[in-house]
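Notes for the one structure printed next.
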Amino acid sequence: MFKSVLQMSKNITGLRGMGLVELSRCAMSTETSPAAGVNSFKTLAVTVPKPFVYHVELNRPDRLNAMNNTMWLEIGECFSQLNHDEDCRVVVLSGAGKLFCAGIDLQDMTQMGAKLADQEDVARRCKILGATIKSYQNSLTALEKCNKPVIGAVHGACIGGGINLIAATDIRYCTSDAWFQVKEVELGMTADVGVLQRLPRLLGSASLVNELCLTARKFPAAEAGATGFVSKVFEDKSKMMTEALAIAGSIAEKSPVAVQGTKRNLVYSRDHTVQEGLDHVADWNQIMLQSEDFINASVALATKSPPPIFSKL
């Protein structure tokens, strides 16, 4: 850090008043073409509406974006790809059609039942079920493991698997007609892909979390906003998507080193003690404060120059 501060001081003296191009030592490309293969999904539509901002849509509108086996697996694959895509700095997640997500595709459950029926032994049925549950869990956890911030934008219903999915996002918005439902108890099962683990960390009231998960009642947009499950409620989808993309664009303009490091440390600190979180970020920043991003951003701020253009990460 000391070396970086010295270098920053020299830069402030020598670069005061210089322009945007000179301020950045390595200008980033503004290509917006997605990485090869990212558009090949059957159940997801992936577009790049502005530089470094990727838009992932659940794209089964004829099935109300119900989550079949293909969608479950493609969600994990998509966010794993985006994690390593240097052209992606932030992701907006939404649903195509009338609503965000109707939950798990019951036709898939029927197919799973038929597959289990072929096995007479309980151990062998458990092996199939356990592998499927773990696979689906990993797909949603891919949103957290993706270092790029994920903004969830919900319109209409967000049921069952949908609320499990949206609970793994970093920022959540919804429309005024949106509603959420932890549906699983109505299906005679325990939710098993993340909502029971993440919702208590997202809502301040254990009583409310228990009520939602044990009754399967609908959780309307106004209540979701009032309790902090979503940070903003919008009049309609168009206004929500405009704001979501604007926020995504603002994040994408900032240092990817800083943004991705911030997300990683937020997720780490959520699951560890305060002291463990402090130790983790100290280890992180003793390296990352030597990055050109810190120097260039600090110089720009100190000299009141335009924000630097950051190189890809």
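Within each chain, counting starts at residue 1; across the structure tokens, chains are named A, B, ... in the order shown, with ligands numbered 1 upward in that order.
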
Any chance you could list, as an mmCIF file with N, CA, C and O atoms, in the first residue's frame, the residues in region 124-289 of chain A that come up alpha helix (DSSP H) when DSSP is run on the backbone?
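Just written: states.cif:
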```
data_model
loop_
_atom_site.group_PDB
_atom_site.id
_atom_site.type_symbol
_atom_site.label_atom_id
_atom_site.label_comp_id
_atom_site.auth_asym_id
_atom_site.auth_seq_id
_atom_site.Cartn_x
_atom_site.Cartn_y
_atom_site.Cartn_z
ATOM 1 N N ARG A 124 -30.263 -46.472 -3.760
ATOM 2 C CA ARG A 124 -30.063 -46.069 -5.151
ATOM 3 C C ARG A 124 -30.978 -44.910 -5.534
ATOM 4 O O ARG A 124 -30.596 -44.025 -6.307
ATOM 5 N N ARG A 125 -32.180 -44.885 -4.958
ATOM 6 C CA ARG A 125 -33.056 -43.730 -5.194
ATOM 7 C C ARG A 125 -32.478 -42.482 -4.542
ATOM 8 O O ARG A 125 -32.528 -41.385 -5.107
ATOM 9 N N CYS A 126 -31.921 -42.654 -3.346
ATOM 10 C CA CYS A 126 -31.308 -41.523 -2.652
ATOM 11 C C CYS A 126 -30.114 -40.975 -3.431
ATOM 12 O O CYS A 126 -29.898 -39.758 -3.462
ATOM 13 N N LYS A 127 -29.350 -41.848 -4.062
ATOM 14 C CA LYS A 127 -28.198 -41.391 -4.828
ATOM 15 C C LYS A 127 -28.640 -40.492 -5.981
ATOM 16 O O LYS A 127 -28.034 -39.445 -6.241
ATOM 17 N N ILE A 128 -29.725 -40.868 -6.653
ATOM 18 C CA ILE A 128 -30.244 -40.070 -7.764
ATOM 19 C C ILE A 128 -30.761 -38.728 -7.265
ATOM 20 O O ILE A 128 -30.426 -37.663 -7.809
ATOM 21 N N LEU A 129 -31.562 -38.759 -6.208
ATOM 22 C CA LEU A 129 -32.127 -37.520 -5.670
ATOM 23 C C LEU A 129 -31.044 -36.600 -5.121
ATOM 24 O O LEU A 129 -31.059 -35.385 -5.363
ATOM 25 N N GLY A 130 -30.106 -37.172 -4.378
ATOM 26 C CA GLY A 130 -29.045 -36.369 -3.790
ATOM 27 C C GLY A 130 -28.207 -35.667 -4.843
ATOM 28 O O GLY A 130 -27.866 -34.486 -4.702
ATOM 29 N N ALA A 131 -27.881 -36.376 -5.914
ATOM 30 C CA ALA A 131 -27.079 -35.781 -6.980
ATOM 31 C C ALA A 131 -27.839 -34.656 -7.674
ATOM 32 O O ALA A 131 -27.259 -33.613 -8.019
ATOM 33 N N THR A 132 -29.145 -34.856 -7.871
ATOM 34 C CA THR A 132 -29.957 -33.821 -8.523
ATOM 35 C C THR A 132 -30.058 -32.577 -7.653
ATOM 36 O O THR A 132 -29.891 -31.445 -8.134
ATOM 37 N N ILE A 133 -30.323 -32.756 -6.358
ATOM 38 C CA ILE A 133 -30.434 -31.617 -5.441
ATOM 39 C C ILE A 133 -29.128 -30.836 -5.394
ATOM 40 O O ILE A 133 -29.112 -29.598 -5.489
ATOM 41 N N LYS A 134 -28.000 -31.536 -5.270
ATOM 42 C CA LYS A 134 -26.700 -30.870 -5.226
ATOM 43 C C LYS A 134 -26.421 -30.100 -6.508
ATOM 44 O O LYS A 134 -25.889 -28.983 -6.481
ATOM 45 N N SER A 135 -26.796 -30.698 -7.632
ATOM 46 C CA SER A 135 -26.586 -30.037 -8.922
ATOM 47 C C SER A 135 -27.375 -28.741 -9.001
ATOM 48 O O SER A 135 -26.865 -27.704 -9.452
ATOM 49 N N TYR A 136 -28.636 -28.779 -8.553
ATOM 50 C CA TYR A 136 -29.471 -27.574 -8.579
ATOM 51 C C TYR A 136 -28.977 -26.533 -7.589
ATOM 52 O O TYR A 136 -28.991 -25.330 -7.866
ATOM 53 N N GLN A 137 -28.530 -26.976 -6.421
ATOM 54 C CA GLN A 137 -27.954 -26.043 -5.454
ATOM 55 C C GLN A 137 -26.747 -25.318 -6.045
ATOM 56 O O GLN A 137 -26.609 -24.096 -5.931
ATOM 57 N N ASN A 138 -25.880 -26.081 -6.696
ATOM 58 C CA ASN A 138 -24.669 -25.502 -7.272
ATOM 59 C C ASN A 138 -24.997 -24.494 -8.367
ATOM 60 O O ASN A 138 -24.285 -23.499 -8.541
ATOM 61 N N SER A 139 -26.077 -24.739 -9.108
ATOM 62 C CA SER A 139 -26.462 -23.815 -10.173
ATOM 63 C C SER A 139 -26.833 -22.455 -9.611
ATOM 64 O O SER A 139 -26.456 -21.413 -10.166
ATOM 65 N N LEU A 140 -27.575 -22.425 -8.500
ATOM 66 C CA LEU A 140 -27.958 -21.144 -7.915
ATOM 67 C C LEU A 140 -26.793 -20.499 -7.176
ATOM 68 O O LEU A 140 -26.633 -19.268 -7.201
ATOM 69 N N THR A 141 -25.967 -21.303 -6.545
ATOM 70 C CA THR A 141 -24.792 -20.767 -5.861
ATOM 71 C C THR A 141 -23.815 -20.152 -6.861
ATOM 72 O O THR A 141 -22.996 -19.299 -6.494
ATOM 73 N N ALA A 142 -23.923 -20.544 -8.130
ATOM 74 C CA ALA A 142 -23.063 -19.958 -9.168
ATOM 75 C C ALA A 142 -23.251 -18.443 -9.257
ATOM 76 O O ALA A 142 -22.337 -17.720 -9.661
ATOM 77 N N LEU A 143 -24.437 -17.934 -8.892
ATOM 78 C CA LEU A 143 -24.656 -16.487 -8.886
ATOM 79 C C LEU A 143 -23.788 -15.816 -7.829
ATOM 80 O O LEU A 143 -23.274 -14.714 -8.038
ATOM 81 N N GLU A 144 -23.631 -16.460 -6.675
ATOM 82 C CA GLU A 144 -22.785 -15.908 -5.614
ATOM 83 C C GLU A 144 -21.308 -16.077 -5.938
ATOM 84 O O GLU A 144 -20.497 -15.194 -5.656
ATOM 85 N N LYS A 145 -20.958 -17.205 -6.527
ATOM 86 C CA LYS A 145 -19.557 -17.448 -6.861
ATOM 87 C C LYS A 145 -19.102 -16.592 -8.044
ATOM 88 O O LYS A 145 -17.900 -16.376 -8.213
ATOM 89 N N GLY A 161 -38.846 -22.096 -6.964
ATOM 90 C CA GLY A 161 -37.484 -22.005 -7.487
ATOM 91 C C GLY A 161 -37.095 -20.591 -7.842
ATOM 92 O O GLY A 161 -35.930 -20.217 -7.755
ATOM 93 N N GLY A 162 -38.078 -19.770 -8.237
ATOM 94 C CA GLY A 162 -37.799 -18.383 -8.599
ATOM 95 C C GLY A 162 -37.291 -17.570 -7.430
ATOM 96 O O GLY A 162 -36.337 -16.787 -7.572
ATOM 97 N N ILE A 163 -37.901 -17.724 -6.251
ATOM 98 C CA ILE A 163 -37.438 -16.959 -5.090
ATOM 99 C C ILE A 163 -36.127 -17.536 -4.575
ATOM 100 O O ILE A 163 -35.276 -16.819 -4.039
ATOM 101 N N ASN A 164 -35.917 -18.852 -4.750
ATOM 102 C CA ASN A 164 -34.608 -19.428 -4.442
ATOM 103 C C ASN A 164 -33.528 -18.789 -5.306
ATOM 104 O O ASN A 164 -32.427 -18.494 -4.838
ATOM 105 N N LEU A 165 -33.850 -18.577 -6.580
ATOM 106 C CA LEU A 165 -32.911 -17.962 -7.511
ATOM 107 C C LEU A 165 -32.655 -16.508 -7.167
ATOM 108 O O LEU A 165 -31.497 -16.061 -7.077
ATOM 109 N N ILE A 166 -33.714 -15.737 -6.954
ATOM 110 C CA ILE A 166 -33.559 -14.302 -6.746
ATOM 111 C C ILE A 166 -32.879 -14.005 -5.408
ATOM 112 O O ILE A 166 -32.235 -12.972 -5.234
ATOM 113 N N VAL A 195 -33.218 -21.034 -0.464
ATOM 114 C CA VAL A 195 -34.010 -19.957 0.129
ATOM 115 C C VAL A 195 -34.035 -20.045 1.658
ATOM 116 O O VAL A 195 -34.023 -19.012 2.342
ATOM 117 N N LEU A 196 -34.048 -21.255 2.220
ATOM 118 C CA LEU A 196 -34.067 -21.389 3.680
ATOM 119 C C LEU A 196 -32.743 -20.941 4.300
ATOM 120 O O LEU A 196 -32.705 -20.539 5.465
ATOM 121 N N GLN A 197 -31.683 -21.006 3.515
ATOM 122 C CA GLN A 197 -30.364 -20.603 4.008
ATOM 123 C C GLN A 197 -30.122 -19.110 3.786
ATOM 124 O O GLN A 197 -29.446 -18.463 4.603
ATOM 125 N N ARG A 198 -30.657 -18.554 2.689
ATOM 126 C CA ARG A 198 -30.349 -17.165 2.347
ATOM 127 C C ARG A 198 -31.379 -16.172 2.890
ATOM 128 O O ARG A 198 -31.023 -15.049 3.254
ATOM 129 N N LEU A 199 -32.635 -16.552 2.922
ATOM 130 C CA LEU A 199 -33.670 -15.606 3.338
ATOM 131 C C LEU A 199 -33.454 -15.080 4.759
ATOM 132 O O LEU A 199 -33.650 -13.879 5.002
ATOM 133 N N PRO A 200 -33.040 -15.917 5.737
ATOM 134 C CA PRO A 200 -32.786 -15.375 7.073
ATOM 135 C C PRO A 200 -31.690 -14.312 7.096
ATOM 136 O O PRO A 200 -31.674 -13.462 7.989
ATOM 137 N N ARG A 201 -30.792 -14.338 6.124
ATOM 138 C CA ARG A 201 -29.723 -13.342 6.060
ATOM 139 C C ARG A 201 -30.171 -12.080 5.334
ATOM 140 O O ARG A 201 -29.499 -11.051 5.406
ATOM 141 N N LEU A 202 -31.287 -12.171 4.610
ATOM 142 C CA LEU A 202 -31.771 -11.041 3.827
ATOM 143 C C LEU A 202 -32.869 -10.258 4.544
ATOM 144 O O LEU A 202 -33.081 -9.085 4.251
ATOM 145 N N ALA A 206 -36.643 -13.007 12.004
ATOM 146 C CA ALA A 206 -36.730 -14.468 11.941
ATOM 147 C C ALA A 206 -38.183 -14.917 11.946
ATOM 148 O O ALA A 206 -38.549 -15.902 11.294
ATOM 149 N N SER A 207 -39.026 -14.169 12.641
ATOM 150 C CA SER A 207 -40.448 -14.509 12.695
ATOM 151 C C SER A 207 -41.073 -14.425 11.306
ATOM 152 O O SER A 207 -41.838 -15.310 10.903
ATOM 153 N N LEU A 208 -40.748 -13.370 10.560
ATOM 154 C CA LEU A 208 -41.296 -13.227 9.222
ATOM 155 C C LEU A 208 -40.787 -14.324 8.300
ATOM 156 O O LEU A 208 -41.552 -14.895 7.516
ATOM 157 N N VAL A 209 -39.488 -14.623 8.381
ATOM 158 C CA VAL A 209 -38.927 -15.699 7.555
ATOM 159 C C VAL A 209 -39.651 -17.007 7.841
ATOM 160 O O VAL A 209 -40.062 -17.735 6.920
ATOM 161 N N ASN A 210 -39.833 -17.314 9.107
ATOM 162 C CA ASN A 210 -40.514 -18.558 9.475
ATOM 163 C C ASN A 210 -41.950 -18.569 8.963
ATOM 164 O O ASN A 210 -42.443 -19.586 8.456
ATOM 165 N N GLU A 211 -42.618 -17.426 9.084
ATOM 166 C CA GLU A 211 -44.000 -17.337 8.606
ATOM 167 C C GLU A 211 -44.085 -17.599 7.105
ATOM 168 O O GLU A 211 -44.919 -18.375 6.638
ATOM 169 N N LEU A 212 -43.220 -16.961 6.345
ATOM 170 C CA LEU A 212 -43.251 -17.113 4.887
ATOM 171 C C LEU A 212 -42.952 -18.546 4.469
ATOM 172 O O LEU A 212 -43.597 -19.091 3.560
ATOM 173 N N CYS A 213 -41.977 -19.152 5.118
ATOM 174 C CA CYS A 213 -41.555 -20.495 4.716
ATOM 175 C C CYS A 213 -42.494 -21.589 5.223
ATOM 176 O O CYS A 213 -42.615 -22.646 4.584
ATOM 177 N N LEU A 214 -43.166 -21.359 6.339
ATOM 178 C CA LEU A 214 -44.043 -22.388 6.911
ATOM 179 C C LEU A 214 -45.476 -22.306 6.405
ATOM 180 O O LEU A 214 -46.199 -23.304 6.408
ATOM 181 N N THR A 215 -45.888 -21.123 5.955
ATOM 182 C CA THR A 215 -47.276 -20.971 5.479
ATOM 183 C C THR A 215 -47.387 -20.973 3.965
ATOM 184 O O THR A 215 -48.476 -21.205 3.434
ATOM 185 N N ALA A 221 -45.183 -7.104 -3.268
ATOM 186 C CA ALA A 221 -44.105 -6.150 -3.524
ATOM 187 C C ALA A 221 -43.971 -5.109 -2.421
ATOM 188 O O ALA A 221 -42.855 -4.779 -2.005
ATOM 189 N N ALA A 222 -45.095 -4.566 -1.959
ATOM 190 C CA ALA A 222 -45.038 -3.525 -0.925
ATOM 191 C C ALA A 222 -44.364 -4.044 0.337
ATOM 192 O O ALA A 222 -43.540 -3.352 0.952
ATOM 193 N N GLU A 223 -44.697 -5.271 0.723
ATOM 194 C CA GLU A 223 -44.089 -5.870 1.916
ATOM 195 C C GLU A 223 -42.625 -6.192 1.662
ATOM 196 O O GLU A 223 -41.770 -6.013 2.534
ATOM 197 N N ALA A 224 -42.316 -6.665 0.454
ATOM 198 C CA ALA A 224 -40.925 -6.969 0.106
ATOM 199 C C ALA A 224 -40.068 -5.706 0.172
ATOM 200 O O ALA A 224 -38.914 -5.745 0.622
ATOM 201 N N GLY A 225 -40.634 -4.585 -0.265
ATOM 202 C CA GLY A 225 -39.909 -3.323 -0.187
ATOM 203 C C GLY A 225 -39.754 -2.831 1.241
ATOM 204 O O GLY A 225 -38.685 -2.377 1.642
ATOM 205 N N ALA A 226 -40.829 -2.936 2.016
ATOM 206 C CA ALA A 226 -40.811 -2.439 3.394
ATOM 207 C C ALA A 226 -39.841 -3.222 4.274
ATOM 208 O O ALA A 226 -39.268 -2.665 5.215
ATOM 209 N N LYS A 237 -42.607 -2.808 -15.447
ATOM 210 C CA LYS A 237 -41.369 -3.476 -15.835
ATOM 211 C C LYS A 237 -40.446 -2.554 -16.612
ATOM 212 O O LYS A 237 -39.226 -2.589 -16.440
ATOM 213 N N SER A 238 -41.011 -1.727 -17.489
ATOM 214 C CA SER A 238 -40.198 -0.836 -18.299
ATOM 215 C C SER A 238 -39.369 0.098 -17.433
ATOM 216 O O SER A 238 -38.158 0.265 -17.650
ATOM 217 N N LYS A 239 -39.992 0.706 -16.433
ATOM 218 C CA LYS A 239 -39.269 1.614 -15.542
ATOM 219 C C LYS A 239 -38.225 0.852 -14.723
ATOM 220 O O LYS A 239 -37.122 1.351 -14.477
ATOM 221 N N MET A 240 -38.593 -0.352 -14.295
ATOM 222 C CA MET A 240 -37.652 -1.164 -13.516
ATOM 223 C C MET A 240 -36.418 -1.518 -14.334
ATOM 224 O O MET A 240 -35.285 -1.380 -13.856
ATOM 225 N N MET A 241 -36.612 -1.968 -15.565
ATOM 226 C CA MET A 241 -35.484 -2.372 -16.390
ATOM 227 C C MET A 241 -34.606 -1.172 -16.748
ATOM 228 O O MET A 241 -33.371 -1.294 -16.804
ATOM 229 N N THR A 242 -35.228 -0.013 -16.963
ATOM 230 C CA THR A 242 -34.451 1.198 -17.241
ATOM 231 C C THR A 242 -33.527 1.514 -16.078
ATOM 232 O O THR A 242 -32.336 1.805 -16.258
ATOM 233 N N GLU A 243 -34.059 1.442 -14.863
ATOM 234 C CA GLU A 243 -33.250 1.737 -13.683
ATOM 235 C C GLU A 243 -32.205 0.653 -13.446
ATOM 236 O O GLU A 243 -31.053 0.959 -13.098
ATOM 237 N N ALA A 244 -32.600 -0.609 -13.605
ATOM 238 C CA ALA A 244 -31.659 -1.712 -13.386
ATOM 239 C C ALA A 244 -30.467 -1.601 -14.324
ATOM 240 O O ALA A 244 -29.309 -1.773 -13.916
ATOM 241 N N LEU A 245 -30.729 -1.279 -15.586
ATOM 242 C CA LEU A 245 -29.645 -1.138 -16.555
ATOM 243 C C LEU A 245 -28.803 0.110 -16.281
ATOM 244 O O LEU A 245 -27.585 0.111 -16.510
ATOM 245 N N ALA A 246 -29.446 1.157 -15.775
ATOM 246 C CA ALA A 246 -28.699 2.371 -15.424
ATOM 247 C C ALA A 246 -27.747 2.096 -14.259
ATOM 248 O O ALA A 246 -26.578 2.509 -14.277
ATOM 249 N N ILE A 247 -28.237 1.402 -13.240
ATOM 250 C CA ILE A 247 -27.395 1.048 -12.095
ATOM 251 C C ILE A 247 -26.275 0.116 -12.541
ATOM 252 O O ILE A 247 -25.113 0.260 -12.135
ATOM 253 N N ALA A 248 -26.631 -0.852 -13.400
ATOM 254 C CA ALA A 248 -25.620 -1.771 -13.916
ATOM 255 C C ALA A 248 -24.542 -1.012 -14.685
ATOM 256 O O ALA A 248 -23.339 -1.288 -14.548
ATOM 257 N N GLY A 249 -24.957 -0.028 -15.484
ATOM 258 C CA GLY A 249 -24.000 0.770 -16.228
ATOM 259 C C GLY A 249 -23.083 1.554 -15.320
ATOM 260 O O GLY A 249 -21.878 1.685 -15.581
ATOM 261 N N SER A 250 -23.634 2.077 -14.229
ATOM 262 C CA SER A 250 -22.826 2.822 -13.270
ATOM 263 C C SER A 250 -21.780 1.914 -12.626
ATOM 264 O O SER A 250 -20.614 2.313 -12.459
ATOM 265 N N ILE A 251 -22.179 0.709 -12.265
ATOM 266 C CA ILE A 251 -21.237 -0.245 -11.674
ATOM 267 C C ILE A 251 -20.155 -0.627 -12.687
ATOM 268 O O ILE A 251 -18.973 -0.728 -12.357
ATOM 269 N N ALA A 252 -20.585 -0.843 -13.935
ATOM 270 C CA ALA A 252 -19.651 -1.286 -14.979
ATOM 271 C C ALA A 252 -18.574 -0.255 -15.274
ATOM 272 O O ALA A 252 -17.502 -0.591 -15.766
ATOM 273 N N PRO A 256 -13.123 -2.761 -12.135
ATOM 274 C CA PRO A 256 -13.538 -4.151 -11.925
ATOM 275 C C PRO A 256 -12.766 -4.802 -10.777
ATOM 276 O O PRO A 256 -13.283 -5.713 -10.122
ATOM 277 N N VAL A 257 -11.560 -4.336 -10.532
ATOM 278 C CA VAL A 257 -10.804 -4.849 -9.390
ATOM 279 C C VAL A 257 -11.530 -4.508 -8.094
ATOM 280 O O VAL A 257 -11.705 -5.348 -7.202
ATOM 281 N N ALA A 258 -11.980 -3.257 -7.989
ATOM 282 C CA ALA A 258 -12.667 -2.811 -6.777
ATOM 283 C C ALA A 258 -14.042 -3.465 -6.636
ATOM 284 O O ALA A 258 -14.419 -3.924 -5.548
ATOM 285 N N VAL A 259 -14.795 -3.507 -7.723
ATOM 286 C CA VAL A 259 -16.162 -4.039 -7.667
ATOM 287 C C VAL A 259 -16.156 -5.537 -7.343
ATOM 288 O O VAL A 259 -16.879 -6.001 -6.456
ATOM 289 N N GLN A 260 -15.340 -6.281 -8.050
ATOM 290 C CA GLN A 260 -15.323 -7.732 -7.832
ATOM 291 C C GLN A 260 -14.738 -8.085 -6.470
ATOM 292 O O GLN A 260 -15.187 -9.019 -5.816
ATOM 293 N N GLY A 261 -13.746 -7.307 -6.030
ATOM 294 C CA GLY A 261 -13.211 -7.516 -4.687
ATOM 295 C C GLY A 261 -14.238 -7.207 -3.613
ATOM 296 O O GLY A 261 -14.321 -7.896 -2.594
ATOM 297 N N THR A 262 -15.039 -6.169 -3.849
ATOM 298 C CA THR A 262 -16.089 -5.820 -2.888
ATOM 299 C C THR A 262 -17.114 -6.928 -2.776
ATOM 300 O O THR A 262 -17.506 -7.325 -1.669
ATOM 301 N N LYS A 263 -17.560 -7.472 -3.912
ATOM 302 C CA LYS A 263 -18.540 -8.558 -3.853
ATOM 303 C C LYS A 263 -17.965 -9.771 -3.135
ATOM 304 O O LYS A 263 -18.631 -10.361 -2.271
ATOM 305 N N ARG A 264 -16.745 -10.140 -3.469
ATOM 306 C CA ARG A 264 -16.142 -11.320 -2.845
ATOM 307 C C ARG A 264 -16.044 -11.157 -1.345
ATOM 308 O O ARG A 264 -16.290 -12.095 -0.577
ATOM 309 N N ASN A 265 -15.698 -9.968 -0.885
ATOM 310 C CA ASN A 265 -15.561 -9.754 0.553
ATOM 311 C C ASN A 265 -16.906 -9.641 1.252
ATOM 312 O O ASN A 265 -17.044 -10.036 2.414
ATOM 313 N N LEU A 266 -17.926 -9.106 0.568
ATOM 314 C CA LEU A 266 -19.271 -9.084 1.151
ATOM 315 C C LEU A 266 -19.803 -10.495 1.360
ATOM 316 O O LEU A 266 -20.358 -10.815 2.423
ATOM 317 N N VAL A 267 -19.645 -11.344 0.350
ATOM 318 C CA VAL A 267 -20.122 -12.734 0.467
ATOM 319 C C VAL A 267 -19.333 -13.470 1.543
ATOM 320 O O VAL A 267 -19.905 -14.204 2.364
ATOM 321 N N TYR A 268 -18.016 -13.270 1.572
ATOM 322 C CA TYR A 268 -17.182 -13.927 2.582
ATOM 323 C C TYR A 268 -17.586 -13.490 3.987
ATOM 324 O O TYR A 268 -17.770 -14.320 4.896
ATOM 325 N N SER A 269 -17.747 -12.185 4.181
ATOM 326 C CA SER A 269 -18.050 -11.661 5.514
ATOM 327 C C SER A 269 -19.426 -12.086 6.009
ATOM 328 O O SER A 269 -19.640 -12.226 7.212
ATOM 329 N N ARG A 270 -20.371 -12.274 5.079
ATOM 330 C CA ARG A 270 -21.703 -12.741 5.471
ATOM 331 C C ARG A 270 -21.632 -14.077 6.201
ATOM 332 O O ARG A 270 -22.415 -14.344 7.118
ATOM 333 N N VAL A 274 -16.830 -11.166 12.195
ATOM 334 C CA VAL A 274 -16.313 -9.851 11.827
ATOM 335 C C VAL A 274 -14.792 -9.890 11.712
ATOM 336 O O VAL A 274 -14.207 -9.363 10.749
ATOM 337 N N GLN A 275 -14.134 -10.524 12.680
ATOM 338 C CA GLN A 275 -12.673 -10.556 12.663
ATOM 339 C C GLN A 275 -12.155 -11.341 11.458
ATOM 340 O O GLN A 275 -11.177 -10.942 10.807
ATOM 341 N N GLU A 276 -12.807 -12.438 11.142
ATOM 342 C CA GLU A 276 -12.405 -13.210 9.961
ATOM 343 C C GLU A 276 -12.578 -12.383 8.688
ATOM 344 O O GLU A 276 -11.739 -12.436 7.780
ATOM 345 N N GLY A 277 -13.669 -11.611 8.638
ATOM 346 C CA GLY A 277 -13.885 -10.740 7.488
ATOM 347 C C GLY A 277 -12.827 -9.661 7.386
ATOM 348 O O GLY A 277 -12.352 -9.333 6.286
ATOM 349 N N LEU A 278 -12.436 -9.090 8.530
ATOM 350 C CA LEU A 278 -11.394 -8.061 8.541
ATOM 351 C C LEU A 278 -10.052 -8.632 8.089
ATOM 352 O O LEU A 278 -9.322 -8.009 7.314
ATOM 353 N N ASP A 279 -9.741 -9.827 8.566
ATOM 354 C CA ASP A 279 -8.489 -10.466 8.163
ATOM 355 C C ASP A 279 -8.486 -10.765 6.664
ATOM 356 O O ASP A 279 -7.468 -10.584 5.982
ATOM 357 N N HIS A 280 -9.630 -11.205 6.163
ATOM 358 C CA HIS A 280 -9.736 -11.544 4.743
ATOM 359 C C HIS A 280 -9.524 -10.318 3.866
ATOM 360 O O HIS A 280 -8.774 -10.353 2.882
ATOM 361 N N VAL A 281 -10.174 -9.208 4.216
ATOM 362 C CA VAL A 281 -10.043 -8.008 3.381
ATOM 363 C C VAL A 281 -8.652 -7.385 3.521
ATOM 364 O O VAL A 281 -8.135 -6.777 2.569
ATOM 365 N N ALA A 282 -8.010 -7.567 4.670
ATOM 366 C CA ALA A 282 -6.637 -7.076 4.824
ATOM 367 C C ALA A 282 -5.699 -7.846 3.899
ATOM 368 O O ALA A 282 -4.840 -7.252 3.219
ATOM 369 N N ASP A 283 -5.852 -9.160 3.866
ATOM 370 C CA ASP A 283 -5.038 -9.975 2.965
ATOM 371 C C ASP A 283 -5.319 -9.603 1.513
ATOM 372 O O ASP A 283 -4.412 -9.567 0.682
ATOM 373 N N TRP A 284 -6.580 -9.340 1.225
ATOM 374 C CA TRP A 284 -6.978 -8.986 -0.135
ATOM 375 C C TRP A 284 -6.352 -7.661 -0.570
ATOM 376 O O TRP A 284 -5.723 -7.556 -1.624
ATOM 377 N N ASN A 285 -6.503 -6.646 0.278
ATOM 378 C CA ASN A 285 -6.084 -5.302 -0.116
ATOM 379 C C ASN A 285 -4.575 -5.094 -0.071
ATOM 380 O O ASN A 285 -4.064 -4.186 -0.727
ATOM 381 N N GLN A 286 -3.847 -5.900 0.673
ATOM 382 C CA GLN A 286 -2.395 -5.734 0.651
ATOM 383 C C GLN A 286 -1.844 -6.043 -0.741
ATOM 384 O O GLN A 286 -0.754 -5.593 -1.111
ATOM 385 N N ILE A 287 -2.641 -6.768 -1.523
ATOM 386 C CA ILE A 287 -2.279 -7.040 -2.918
ATOM 387 C C ILE A 287 -2.960 -6.041 -3.849
ATOM 388 O O ILE A 287 -2.325 -5.396 -4.687
ATOM 389 N N MET A 288 -4.263 -5.885 -3.690
ATOM 390 C CA MET A 288 -5.054 -5.140 -4.672
ATOM 391 C C MET A 288 -4.835 -3.626 -4.619
ATOM 392 O O MET A 288 -5.087 -2.935 -5.602
#
```

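Here the strand (DSSP E or B) residues in region 34-109 of chain A, by DSSP on the backbone, are Leu44, Ala45, Val46, Thr47, Val48, Pro49, Lys50, Val53, Tyr54, His55, Val56, Glu57, Leu58, Met67, Val90, Val91, Val92, Leu93, Ser94, Gly95, Cys101 and Ile104 of chain A.
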
For Phe310 (chain A), the nearest of the candidates A:Ala216, A:Leu116, A:Phe52, A:Lys148, counting only C-alpha atoms: A:Phe52

Atom pair CA of Asn68 (chain A) / CA of Gly160 (chain A): separation (Å): 12.6 Å

If you count only C-alpha atoms, which residues fall within 10 Å of Cys158 (chain A), apart from same-chain ones fewer than 2 positions away, as number ranges by chain? A: 65, 95, 99-103, 154-156, 160-166, 174, 178-183, 218-219

Report the distance between CA of Glu292 (chain A) and CA of Asp85 (chain A) in Å, rounded to one decimal place.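 So the two atoms, CA of Glu292 (chain A) and CA of Asp85 (chain A), lie 20.2 Å apart.
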